[in-house]
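Okay, target06.tsv now, which holds TSV, C-alpha atoms and all ligand atoms:
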```
chain	number	residue	atom	x	y	z
O	1	MET	CA	-18.70	13.82	-8.31
O	2	SER	CA	-17.89	10.16	-8.53
O	3	PRO	CA	-21.01	8.21	-9.56
O	4	VAL	CA	-20.33	5.44	-7.02
O	5	LEU	CA	-18.38	5.13	-3.78
O	6	ASN	CA	-15.60	2.64	-4.46
O	7	PHE	CA	-14.22	0.77	-1.43
O	8	GLY	CA	-12.17	-1.64	-3.57
O	9	ALA	CA	-8.75	-2.77	-2.34
O	10	GLY	CA	-6.85	-2.13	-5.55
O	11	PRO	CA	-6.75	-0.95	-8.21
O	12	ALA	CA	-8.66	1.50	-6.08
O	13	THR	CA	-10.46	4.78	-6.15
O	14	LEU	CA	-8.45	7.88	-7.07
O	15	PRO	CA	-9.18	11.43	-5.91
O	16	VAL	CA	-11.98	12.84	-8.07
O	17	PRO	CA	-9.98	16.00	-8.99
O	18	VAL	CA	-7.07	13.80	-10.12
O	19	VAL	CA	-9.24	11.76	-12.47
O	20	GLU	CA	-10.78	14.95	-13.85
O	21	GLN	CA	-7.38	16.58	-14.32
O	22	ALA	CA	-5.94	13.53	-16.08
O	23	ALA	CA	-9.00	13.39	-18.36
O	24	ALA	CA	-8.71	17.11	-19.19
O	25	GLU	CA	-4.97	16.89	-19.85
O	26	LEU	CA	-5.45	13.89	-22.15
O	27	GLY	CA	-7.81	15.99	-24.20
O	28	ARG	CA	-5.19	18.73	-24.56
O	29	ARG	CA	-2.08	18.35	-26.62
O	30	SER	CA	1.26	19.82	-25.59
O	31	ARG	CA	3.29	22.22	-27.70
O	32	ASP	CA	4.68	19.28	-29.72
O	33	GLY	CA	1.11	18.23	-30.53
O	34	ILE	CA	1.09	15.14	-28.36
O	35	THR	CA	-0.51	14.21	-25.06
O	36	ILE	CA	1.45	13.06	-22.03
O	37	MET	CA	0.29	9.49	-22.69
O	38	GLU	CA	2.07	9.57	-26.06
O	39	ALA	CA	5.19	11.48	-25.03
O	40	SER	CA	8.69	10.01	-24.98
O	41	HIS	CA	9.96	9.19	-21.51
O	42	ARG	CA	13.16	11.02	-22.49
O	43	GLY	CA	11.35	14.15	-23.68
O	44	LEU	CA	11.18	17.41	-21.76
O	45	ASP	CA	7.50	17.10	-20.87
O	46	PHE	CA	7.79	13.69	-19.26
O	47	SER	CA	11.10	14.53	-17.58
O	48	ALA	CA	9.39	17.42	-15.81
O	49	VAL	CA	6.53	15.12	-14.75
O	50	ALA	CA	8.97	12.49	-13.46
O	51	GLU	CA	11.09	14.97	-11.52
O	52	LYS	CA	8.11	16.68	-9.93
O	53	ALA	CA	6.62	13.35	-8.83
O	54	GLU	CA	9.86	12.42	-7.10
O	55	ALA	CA	10.24	15.86	-5.52
O	56	ASP	CA	6.66	15.79	-4.23
O	57	LEU	CA	7.05	12.28	-2.82
O	58	ARG	CA	10.28	13.34	-1.09
O	59	LEU	CA	8.56	16.41	0.33
O	60	LEU	CA	5.51	14.51	1.60
O	61	LEU	CA	7.48	11.72	3.25
O	62	GLY	CA	10.53	13.77	4.19
O	63	VAL	CA	12.76	11.29	2.33
O	64	PRO	CA	16.34	12.02	3.45
O	65	GLU	CA	19.30	12.48	1.09
O	66	THR	CA	20.54	9.03	2.14
O	67	HIS	CA	17.67	7.38	0.25
O	68	ARG	CA	16.96	7.00	-3.46
O	69	VAL	CA	13.44	6.94	-4.88
O	70	LEU	CA	12.80	4.54	-7.76
O	71	PHE	CA	9.73	4.16	-9.99
O	72	LEU	CA	9.72	0.53	-11.14
O	73	GLN	CA	7.43	-2.05	-12.71
O	74	GLY	CA	6.32	-5.55	-11.75
O	75	GLY	CA	4.27	-4.55	-8.71
O	76	ALA	CA	5.07	-5.35	-5.11
O	77	THR	CA	5.34	-8.96	-6.23
O	78	ALA	CA	8.48	-8.18	-8.24
O	79	GLN	CA	9.96	-6.70	-5.06
O	80	PHE	CA	9.32	-9.95	-3.18
O	81	ALA	CA	12.21	-11.19	-5.37
O	82	GLY	CA	13.95	-7.83	-5.78
O	83	VAL	CA	14.59	-7.46	-2.05
O	84	PRO	CA	16.51	-10.73	-1.51
O	85	LEU	CA	18.34	-10.37	-4.83
O	86	ASN	CA	19.57	-6.88	-3.95
O	87	LEU	CA	20.17	-7.30	-0.22
O	88	ALA	CA	21.09	-10.93	0.48
O	89	PRO	CA	24.45	-12.22	-0.77
O	90	GLU	CA	24.45	-15.76	-2.22
O	91	GLY	CA	23.77	-18.24	0.62
O	92	ALA	CA	22.71	-15.56	3.12
O	93	SER	CA	19.61	-15.68	5.25
O	94	ALA	CA	16.85	-13.16	5.87
O	95	ASP	CA	14.32	-12.71	8.66
O	96	HIS	CA	10.66	-12.41	7.67
O	97	VAL	CA	7.72	-11.58	9.88
O	98	VAL	CA	4.46	-13.04	8.58
O	99	SER	CA	1.35	-11.08	9.53
O	100	GLY	CA	-1.04	-12.06	6.77
O	101	HIS	CA	-1.41	-13.10	3.16
O	102	TRP	CA	1.11	-10.71	1.59
O	103	SER	CA	3.97	-11.23	4.00
O	104	ARG	CA	3.48	-15.00	3.54
O	105	ARG	CA	3.78	-14.49	-0.20
O	106	ALA	CA	6.87	-12.31	0.27
O	107	ALA	CA	8.54	-14.94	2.47
O	108	ASP	CA	7.75	-17.74	0.00
O	109	GLU	CA	9.18	-15.80	-2.93
O	110	ALA	CA	12.28	-14.73	-1.00
O	111	ALA	CA	12.90	-18.39	-0.13
O	112	ARG	CA	13.64	-18.98	-3.82
O	113	PHE	CA	16.64	-16.63	-3.57
O	114	CYS	CA	17.94	-16.92	-0.01
O	115	THR	CA	17.40	-18.80	3.24
O	116	VAL	CA	14.27	-17.44	4.84
O	117	ASN	CA	13.87	-17.54	8.60
O	118	VAL	CA	10.26	-16.86	9.57
O	119	ALA	CA	10.94	-14.97	12.81
O	120	ALA	CA	7.25	-14.78	13.72
O	121	ASP	CA	3.99	-15.90	12.15
O	122	GLY	CA	0.56	-14.52	12.98
O	123	ALA	CA	-1.08	-17.59	11.41
O	124	GLY	CA	-1.24	-19.17	14.90
O	125	SER	CA	-3.73	-16.50	15.94
O	126	GLY	CA	-5.60	-16.66	12.63
O	127	TYR	CA	-3.86	-13.35	11.77
O	128	ARG	CA	-5.78	-11.55	14.50
O	129	SER	CA	-2.55	-10.04	15.80
O	130	VAL	CA	1.22	-10.29	15.40
O	131	PRO	CA	3.36	-12.10	17.99
O	132	ASP	CA	5.11	-9.78	20.47
O	133	PRO	CA	8.50	-8.72	19.03
O	134	ALA	CA	10.14	-9.98	22.25
O	135	THR	CA	9.25	-13.52	21.10
O	136	TRP	CA	10.53	-13.19	17.52
O	137	ARG	CA	13.13	-15.82	16.67
O	138	ARG	CA	15.68	-13.65	14.90
O	139	SER	CA	18.70	-15.09	13.14
O	140	PRO	CA	21.96	-13.38	14.08
O	141	GLU	CA	23.28	-13.26	10.51
O	142	ALA	CA	20.14	-12.06	8.71
O	143	ALA	CA	20.77	-9.77	5.74
O	144	TYR	CA	17.56	-7.87	6.55
O	145	LEU	CA	14.30	-7.99	8.49
O	146	ALA	CA	11.22	-7.89	6.24
O	147	TYR	CA	7.62	-7.24	7.23
O	148	CYS	CA	4.40	-6.00	5.69
O	149	ALA	CA	3.31	-2.72	7.27
O	150	ASN	CA	-0.33	-3.32	6.39
O	151	ASP	CA	-1.77	-6.62	5.29
O	152	THR	CA	-4.41	-5.61	2.79
O	153	ILE	CA	-6.29	-8.92	3.00
O	154	HIS	CA	-6.30	-9.77	6.72
O	155	GLY	CA	-6.51	-6.11	7.74
O	156	VAL	CA	-3.54	-6.25	10.13
O	157	GLU	CA	-1.42	-3.12	10.42
O	158	PHE	CA	1.77	-2.25	12.28
O	159	HIS	CA	1.05	1.16	13.76
O	160	ARG	CA	4.75	1.56	14.52
O	161	PRO	CA	7.58	-0.02	12.56
O	162	PRO	CA	9.39	-2.83	14.40
O	163	ASP	CA	12.94	-2.24	15.60
O	164	PRO	CA	15.19	-4.33	13.37
O	165	GLY	CA	18.20	-4.16	15.71
O	166	GLY	CA	21.23	-4.51	13.45
O	167	PRO	CA	20.12	-5.41	9.90
O	168	PRO	CA	18.20	-3.09	7.56
O	169	LEU	CA	14.43	-2.98	7.87
O	170	VAL	CA	12.44	-3.77	4.73
O	171	ALA	CA	8.76	-2.87	4.51
O	172	ASP	CA	6.03	-3.72	2.03
O	173	MET	CA	3.91	-0.57	2.33
O	174	SER	CA	1.74	-1.16	-0.74
O	175	SER	CA	-1.53	-0.39	1.02
O	176	THR	CA	-0.43	2.11	3.66
O	177	LEU	CA	2.30	4.35	2.20
O	178	LEU	CA	1.17	8.02	2.41
O	179	SER	CA	-1.68	7.26	4.82
O	180	ARG	CA	0.25	9.08	7.57
O	181	PRO	CA	3.73	10.53	8.19
O	182	LEU	CA	6.63	8.08	8.20
O	183	GLU	CA	10.21	8.14	9.51
O	184	VAL	CA	11.86	6.99	6.30
O	185	ASP	CA	15.35	7.02	7.83
O	186	ARG	CA	14.42	3.96	9.93
O	187	PHE	CA	14.14	1.85	6.77
O	188	GLY	CA	16.58	0.19	4.40
O	189	VAL	CA	13.92	-0.45	1.76
O	190	ILE	CA	10.29	0.60	1.46
O	191	TYR	CA	8.28	-0.57	-1.52
O	192	ALA	CA	4.70	-0.04	-2.60
O	193	GLY	CA	2.67	-0.89	-5.67
O	194	ALA	CA	0.86	2.32	-6.61
O	195	GLN	CA	-2.59	0.88	-7.19
O	196	LYS	CA	-3.70	0.94	-3.55
O	197	ASN	CA	-3.00	4.36	-2.07
O	198	LEU	CA	-0.85	6.18	-4.62
O	199	GLY	CA	-2.09	5.95	-8.20
O	200	PRO	CA	-3.11	3.57	-10.97
O	201	ALA	CA	-1.66	0.10	-11.44
O	202	GLY	CA	1.64	-0.21	-13.27
O	203	VAL	CA	4.19	1.66	-11.20
O	204	THR	CA	5.89	0.56	-7.98
O	205	VAL	CA	7.71	2.99	-5.73
O	206	VAL	CA	10.91	1.75	-4.09
O	207	ILE	CA	12.71	3.91	-1.53
O	208	VAL	CA	16.13	2.46	-0.82
O	209	HIS	CA	19.09	3.52	1.31
O	210	THR	CA	22.13	4.23	-0.91
O	211	GLU	CA	24.24	1.90	1.27
O	212	LEU	CA	22.15	-1.01	0.01
O	213	LEU	CA	22.75	-0.40	-3.70
O	214	GLY	CA	24.81	-3.33	-4.94
O	215	ARG	CA	24.83	-4.85	-1.43
O	216	SER	CA	24.35	-8.51	-2.40
O	217	GLY	CA	27.04	-8.63	-5.07
O	218	ARG	CA	24.79	-10.97	-7.07
O	219	ALA	CA	23.79	-11.05	-10.71
O	220	ILE	CA	20.33	-9.48	-10.74
O	221	PRO	CA	18.01	-8.87	-13.69
O	222	SER	CA	18.73	-5.23	-14.52
O	223	VAL	CA	15.11	-4.13	-14.16
O	224	LEU	CA	15.17	-5.36	-10.55
O	225	ASP	CA	18.65	-4.03	-9.77
O	226	TYR	CA	18.27	-1.05	-7.44
O	227	ARG	CA	21.72	0.30	-8.35
O	228	ALA	CA	21.14	0.09	-12.09
O	229	MET	CA	17.73	1.69	-11.70
O	230	ALA	CA	19.04	4.45	-9.40
O	231	ASP	CA	21.92	5.19	-11.81
O	232	SER	CA	19.49	5.53	-14.72
O	233	GLY	CA	16.86	7.62	-12.91
O	234	SER	CA	14.48	4.63	-13.18
O	235	MET	CA	14.84	4.85	-16.96
O	236	LEU	CA	17.08	1.93	-17.73
O	237	ASN	CA	14.20	0.89	-19.93
O	238	THR	CA	10.85	2.49	-20.75
O	239	PRO	CA	9.11	3.34	-17.49
O	240	PRO	CA	5.31	3.15	-17.06
O	241	THR	CA	4.90	6.79	-18.03
O	242	PHE	CA	1.15	7.15	-17.68
O	243	ALA	CA	0.95	5.49	-14.25
O	244	TRP	CA	3.93	7.60	-13.11
O	245	TYR	CA	2.19	10.74	-14.36
O	246	VAL	CA	-1.14	10.01	-12.64
O	247	SER	CA	0.70	9.09	-9.42
O	248	GLY	CA	2.35	12.52	-9.68
O	249	LEU	CA	-1.08	14.14	-9.83
O	250	VAL	CA	-2.07	12.25	-6.67
O	251	LEU	CA	1.10	13.43	-4.90
O	252	ALA	CA	0.37	17.06	-5.83
O	253	TRP	CA	-3.21	16.57	-4.62
O	254	LEU	CA	-1.92	15.24	-1.27
O	255	ILE	CA	0.24	18.33	-0.83
O	256	ALA	CA	-2.65	20.62	-1.72
O	257	GLU	CA	-4.90	18.82	0.77
O	258	GLY	CA	-2.48	19.49	3.62
O	259	GLY	CA	0.02	16.62	3.45
O	260	LEU	CA	0.38	13.50	5.53
O	261	GLU	CA	-0.50	14.98	8.94
O	262	GLU	CA	-3.86	15.91	7.47
O	263	MET	CA	-4.20	12.44	5.88
O	264	GLU	CA	-3.42	10.88	9.25
O	265	SER	CA	-6.20	12.78	11.01
O	266	ARG	CA	-8.70	12.05	8.24
O	267	ASN	CA	-7.75	8.38	8.16
O	268	ARG	CA	-7.90	8.13	11.95
O	269	ARG	CA	-11.47	9.48	11.92
O	270	LYS	CA	-12.53	7.28	9.00
O	271	GLN	CA	-11.37	4.01	10.55
O	272	ALA	CA	-12.87	4.92	13.94
O	273	LEU	CA	-16.26	5.51	12.31
O	274	LEU	CA	-16.26	2.09	10.67
O	275	TYR	CA	-14.79	0.02	13.53
O	276	ASP	CA	-17.17	1.70	16.01
O	277	ALA	CA	-20.08	0.78	13.76
O	278	ILE	CA	-18.87	-2.83	13.48
O	279	ASP	CA	-18.18	-3.20	17.21
O	280	GLY	CA	-21.53	-1.64	18.11
O	281	SER	CA	-23.52	-4.04	15.96
O	282	SER	CA	-24.58	-7.64	16.46
O	283	LEU	CA	-24.58	-8.41	12.73
O	284	TYR	CA	-21.04	-7.35	11.78
O	285	SER	CA	-17.72	-8.38	13.27
O	286	ASN	CA	-13.99	-7.84	12.77
O	287	ALA	CA	-11.74	-10.31	14.58
O	288	VAL	CA	-8.46	-8.38	14.51
O	289	GLU	CA	-7.22	-7.24	17.92
O	290	PRO	CA	-7.77	-3.48	18.23
O	291	ALA	CA	-4.04	-2.70	18.50
O	292	TRP	CA	-3.45	-4.37	15.13
O	293	ARG	CA	-6.49	-3.19	13.20
O	294	SER	CA	-5.72	-1.67	9.83
O	295	TRP	CA	-6.75	1.89	9.10
O	296	MET	CA	-6.73	1.24	5.38
O	297	ASN	CA	-8.44	-2.13	4.90
O	298	VAL	CA	-11.27	-3.19	7.18
O	299	PRO	CA	-12.40	-6.80	6.66
O	300	PHE	CA	-15.67	-7.71	8.32
O	301	ARG	CA	-18.10	-10.60	8.45
O	302	LEU	CA	-21.84	-10.88	8.69
O	303	ALA	CA	-23.15	-13.16	11.48
O	304	ASP	CA	-25.19	-14.98	8.83
O	305	PRO	CA	-23.07	-15.67	5.74
O	306	ASP	CA	-26.26	-16.32	3.77
O	307	LEU	CA	-26.72	-12.55	3.89
O	308	ASP	CA	-23.36	-11.83	2.20
O	309	ALA	CA	-24.75	-11.76	-1.32
O	310	VAL	CA	-27.81	-9.77	-0.22
O	311	PHE	CA	-25.53	-7.25	1.49
O	312	ARG	CA	-23.37	-6.82	-1.58
O	313	ASP	CA	-26.35	-6.53	-3.93
O	314	GLU	CA	-28.08	-3.93	-1.79
O	315	ALA	CA	-24.84	-2.03	-1.23
O	316	SER	CA	-24.17	-1.95	-4.93
O	317	ALA	CA	-27.74	-0.77	-5.63
O	318	ALA	CA	-27.04	2.05	-3.14
O	319	GLY	CA	-23.87	2.97	-5.04
O	320	LEU	CA	-21.41	1.37	-2.59
O	321	VAL	CA	-19.07	-0.93	-4.53
O	322	GLY	CA	-15.86	-2.92	-4.05
O	323	LEU	CA	-16.96	-4.36	-0.71
O	324	GLU	CA	-16.36	-8.04	-1.43
O	325	GLY	CA	-13.66	-9.62	0.78
O	326	HIS	CA	-10.59	-11.11	-0.91
O	327	ARG	CA	-11.40	-14.49	-2.44
O	328	SER	CA	-9.00	-16.21	0.00
O	329	VAL	CA	-10.86	-15.05	3.13
O	330	GLY	CA	-14.42	-14.25	2.01
O	331	GLY	CA	-16.76	-11.90	3.86
O	332	MET	CA	-16.55	-8.15	3.25
O	333	ARG	CA	-13.79	-5.61	3.16
O	334	ALA	CA	-13.93	-1.85	2.99
O	335	SER	CA	-10.73	-0.11	1.92
O	336	LEU	CA	-10.43	3.42	3.26
O	337	TYR	CA	-7.51	4.82	1.27
O	338	ASN	CA	-6.68	8.54	1.15
O	339	ALA	CA	-8.96	9.05	-1.85
O	340	VAL	CA	-12.00	7.71	0.07
O	341	PRO	CA	-13.61	10.74	1.70
O	342	GLU	CA	-15.00	10.73	5.22
O	343	THR	CA	-18.49	11.33	3.77
O	344	ALA	CA	-18.19	8.01	1.91
O	345	VAL	CA	-17.43	6.20	5.15
O	346	ARG	CA	-20.45	7.88	6.80
O	347	THR	CA	-22.63	6.73	3.90
O	348	LEU	CA	-21.30	3.18	4.28
O	349	VAL	CA	-21.90	3.14	8.04
O	350	GLU	CA	-25.47	4.44	7.54
O	351	PHE	CA	-26.10	1.78	4.92
O	352	MET	CA	-24.76	-0.93	7.26
O	353	SER	CA	-26.94	0.17	10.14
O	354	ASP	CA	-30.00	0.38	7.90
O	355	PHE	CA	-29.23	-3.09	6.50
O	356	GLU	CA	-28.93	-4.47	10.02
O	357	ARG	CA	-32.30	-2.97	10.98
O	358	ARG	CA	-33.91	-4.69	8.04
O	359	HIS	CA	-32.09	-8.04	8.09
O	360	GLY	CA	-30.36	-8.33	11.50
S	1	LIG	C1	-1.62	-5.68	-3.46
S	1	LIG	C2	-0.47	-6.00	-2.60
S	1	LIG	C3	0.62	-6.73	-3.07
S	1	LIG	C4	0.70	-7.25	-4.48
S	1	LIG	O1	0.84	-6.20	-5.35
S	1	LIG	P1	1.03	-6.43	-6.93
S	1	LIG	O2	1.17	-5.04	-7.42
S	1	LIG	O3	-0.19	-7.13	-7.43
S	1	LIG	O4	2.26	-7.22	-7.12
S	1	LIG	C5	1.68	-6.96	-2.21
S	1	LIG	N1	1.66	-6.51	-0.95
S	1	LIG	C6	0.62	-5.82	-0.45
S	1	LIG	C7	0.65	-5.35	0.96
S	1	LIG	C8	-0.47	-5.54	-1.26
S	1	LIG	O5	-1.50	-4.84	-0.77
```
Go through the file and emit its structure as structure tokens.
Amino acid sequence: MSPVLNFGAGPATLPVPVVEQAAAELGRRSRDGITIMEASHRGLDFSAVAEKAEADLRLLLGVPETHRVLFLQGGATAQFAGVPLNLAPEGASADHVVSGHWSRRAADEAARFCTVNVAADGAGSGYRSVPDPATWRRSPEAAYLAYCANDTIHGVEFHRPPDPGGPPLVADMSSTLLSRPLEVDRFGVIYAGAQKNLGPAGVTVVIVHTELLGRSGRAIPSVLDYRAMADSGSMLNTPPTFAWYVSGLVLAWLIAEGGLEEMESRNRRKQALLYDAIDGSSLYSNAVEPAWRSWMNVPFRLADPDLDAVFRDEASAAGLVGLEGHRSVGGMRASLYNAVPETAVRTLVEFMSDFERRHG
């Protein structure tokens, strides 16, 4: 059993059996006398790990043959540049939808490499919702439409992907990939840093349609070049072997637990428990419109901010950690990734109601 319940946003809690398995396997040397952490990325042991991780990810998400799966480095932040460099020819424009902190960051970074048209910006509503797609100001020539499926900081989630019309759809799914089934064939590019819902920090999954490999015709740093990375099996240079390996353990765990339909029903119940508790209280509040509330990251405020530190101290004493809101927005945030069990959410909700009785 995990000694504490970790609601941190990322790097985040991993399934207990995965941590135990990784620890046990590190204590056991392979037939060549080395552990997986020390093995060559070109050796047989790691090749098997790498192939199985990709196969399991493909199985879970139903990734079609049209799409390549890459295991890269540099986090989602590297992809903020990787997307325009790979998809937008020199001088082209791209449409970005801003629904919170991360999509703002993605748009700002993309603007260094192409002309960014912000088609819609939720800042006007304080990121409580996303403007209706009918009002988005799309540019006719856009090389792609980019959005963030789940803003980890503002707690705003698209519960259905937007319809991009003509150009390819690009999604930052760092904090929501694998939380529920996904129609991958609707997307040109999906990317996700592992450290939220997939594994430890250090590896970034990119799922890209083969038609987009080499699309921009630009000179791109090789480590960000989807075609070069696809051609080399993500081993143009040394990949982050340990993070890739642990992510593979998480993928196998997801399959053993019943796959993404099962994750969807667990995650649906978990978020309902917490939002119901927040909405039913007079101490806690979450300002996001219900249709846009994230299942994975639930920011909330206390009516009296002087109680913030008391709340965190008492929570931590009760073994509930990682509840501090992002430094840019303050307040609290509970992240409810796949590895957070429903019992942990029940414990949190009980703690919150007890805290309200005593301090509310
Ligand atoms: C955490 C996060 C990022 C940044 O990820 P890095 O791995 O630190 O680059 C980007 N987008 C979203 C949605 C995130 O949650």
Is it possible to get the residues within 12 Å of (9.3, 14.3, -0.7) (coordinates as in the file, counting only C-alpha atoms) written as a PDB file with C-alpha atoms, in the coordinates of the input?
```
ATOM      1  CA  GLU O  51      11.090  14.970 -11.520  1.00  0.00           C
ATOM      2  CA  LYS O  52       8.110  16.680  -9.930  1.00  0.00           C
ATOM      3  CA  ALA O  53       6.620  13.350  -8.830  1.00  0.00           C
ATOM      4  CA  GLU O  54       9.860  12.420  -7.100  1.00  0.00           C
ATOM      5  CA  ALA O  55      10.240  15.860  -5.520  1.00  0.00           C
ATOM      6  CA  ASP O  56       6.660  15.790  -4.230  1.00  0.00           C
ATOM      7  CA  LEU O  57       7.050  12.280  -2.820  1.00  0.00           C
ATOM      8  CA  ARG O  58      10.280  13.340  -1.090  1.00  0.00           C
ATOM      9  CA  LEU O  59       8.560  16.410   0.330  1.00  0.00           C
ATOM     10  CA  LEU O  60       5.510  14.510   1.600  1.00  0.00           C
ATOM     11  CA  LEU O  61       7.480  11.720   3.250  1.00  0.00           C
ATOM     12  CA  GLY O  62      10.530  13.770   4.190  1.00  0.00           C
ATOM     13  CA  VAL O  63      12.760  11.290   2.330  1.00  0.00           C
ATOM     14  CA  PRO O  64      16.340  12.020   3.450  1.00  0.00           C
ATOM     15  CA  GLU O  65      19.300  12.480   1.090  1.00  0.00           C
ATOM     16  CA  HIS O  67      17.670   7.380   0.250  1.00  0.00           C
ATOM     17  CA  ARG O  68      16.960   7.000  -3.460  1.00  0.00           C
ATOM     18  CA  VAL O  69      13.440   6.940  -4.880  1.00  0.00           C
ATOM     19  CA  LEU O 178       1.170   8.020   2.410  1.00  0.00           C
ATOM     20  CA  PRO O 181       3.730  10.530   8.190  1.00  0.00           C
ATOM     21  CA  LEU O 182       6.630   8.080   8.200  1.00  0.00           C
ATOM     22  CA  GLU O 183      10.210   8.140   9.510  1.00  0.00           C
ATOM     23  CA  VAL O 184      11.860   6.990   6.300  1.00  0.00           C
ATOM     24  CA  ILE O 207      12.710   3.910  -1.530  1.00  0.00           C
ATOM     25  CA  GLY O 248       2.350  12.520  -9.680  1.00  0.00           C
ATOM     26  CA  LEU O 251       1.100  13.430  -4.900  1.00  0.00           C
ATOM     27  CA  ALA O 252       0.370  17.060  -5.830  1.00  0.00           C
ATOM     28  CA  LEU O 254      -1.920  15.240  -1.270  1.00  0.00           C
ATOM     29  CA  ILE O 255       0.240  18.330  -0.830  1.00  0.00           C
ATOM     30  CA  GLY O 259       0.020  16.620   3.450  1.00  0.00           C
ATOM     31  CA  LEU O 260       0.380  13.500   5.530  1.00  0.00           C
TER      32      LEU O 260
END
```
Identify, on the basis of all atoms listed in the file, every residue whose closest approach to Asp121 in chain O does not exceed 10 Å; exclude the query and any residue fewer than 3 positions from it along the same chain; express the result as JSON, numbers by chain.
-> {"O": [96, 97, 98, 99, 100, 103, 104, 118, 124, 125, 126, 127, 129, 130, 131, 136]}
Around all the atoms of ligand LIG 1 (chain S) listed in the file, with 5 Å of room on each side, what axis-aligned box do you get, giving centre and edge lengths in Å to one decimal, as lines of an AutoDock Vina configuration file?
```
center_x = 0.3
center_y = -6.0
center_z = -3.2
size_x = 13.9
size_y = 12.4
size_z = 18.4
```
List all protein, DNA and RNA residues that have an atom no more than 9 Å from any atom of ligand LIG 1 (chain S), counting only C-alpha atoms and all ligand atoms, and report them as a VMD selection string.
-> chain O and resid 9 to 11 73 to 80 101 to 103 105 to 106 148 to 153 172 to 176 191 to 196 201 to 204
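Picture a line from CA of Ser247 in chain O to CA of Pro200 in chain O; it runs 6.9 Å.
Each of O:Leu273, O:Ser316, O:Pro162, O:Asp95 was compared to Pro140 in chain O using all atoms listed in the file, and O:Asp95 turns out to be the nearest.
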To one decimal in Å, tell me the separation between CA of Val298 in chain O and CA of Asp108 in chain O.
-> 25.0 Å
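Of note, CA of Ala256 in chain O and CA of Ala230 in chain O are spaced 28.1 Å apart.
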Which neighbours of Arg218 in chain O fall inside 7 Å, counting all atoms listed in the file, when residues of the same chain fewer than 6 positions from it are skipped, and could you give them as JSON, numbers by chain?
-> {"O": [85, 89, 90]}
With distances taken over all atoms listed in the file, the candidate from O:Ser216, O:Gly280, O:Arg128, O:Asn286 nearest Phe113 in chain O is O:Ser216
Env of Ser234 in chain O: 10 Å cut, atoms = all atoms listed in the file, seq-sep filter 5 positions within chain, self excluded. Answer as a tab-separated table (two decimals) with C-alpha atoms, in the frame of the given file.
```
chain	number	residue	atom	x	y	z
O	50	ALA	CA	8.97	12.49	-13.46
O	69	VAL	CA	13.44	6.94	-4.88
O	70	LEU	CA	12.80	4.54	-7.76
O	71	PHE	CA	9.73	4.16	-9.99
O	72	LEU	CA	9.72	0.53	-11.14
O	73	GLN	CA	7.43	-2.05	-12.71
O	223	VAL	CA	15.11	-4.13	-14.16
O	226	TYR	CA	18.27	-1.05	-7.44
O	227	ARG	CA	21.72	0.30	-8.35
O	228	ALA	CA	21.14	0.09	-12.09
O	229	MET	CA	17.73	1.69	-11.70
O	239	PRO	CA	9.11	3.34	-17.49
```
With only C-alpha atoms as the atoms that count, which of O:Thr238, O:Ser40, O:Ser294, O:Asn117 lies nearest to Tyr144 in chain O?
-> O:Asn117
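For the choices O:Arg112, O:Arg215, O:Arg186, O:Arg180, the atom-to-atom distance to Ala88 in chain O is smallest for O:Arg215 when using all atoms listed in the file.
Residues surrounding range 328-336 of chain O within 8 Å are Phe7, Gly8, Ala9, Ile153, His154, Asn267, Lys270, Gln271, Trp295, Met296, Asn297, Val298, Pro299, Phe300, Arg301, Leu302, Pro305, Asp308, Gly322, Leu323, Glu324, Gly325, His326, Asn338, Ala339, Val340 and Val345 of chain O [only C-alpha atoms; sequence separation below 2 positions excluded].
Taking all atoms listed in the file into account, Leu213 in chain O lies nearest to O:Val189 out of the set O:Leu177, O:Ala12, O:Val189, O:Ile36.
Take the candidates O:Ala120, O:Leu348, O:Ala94, O:Pro240 and check each one against Leu169 in chain O using only C-alpha atoms; the shortest distance goes to O:Ala94.
All residues that come within 7 Å of the coordinates (-19.8, 4.7, -2.8), counting all atoms listed in the file, are given as Val4, Leu5, Asn6, Phe7, Gly319, Leu320, Val321 and Ala344 of chain O.
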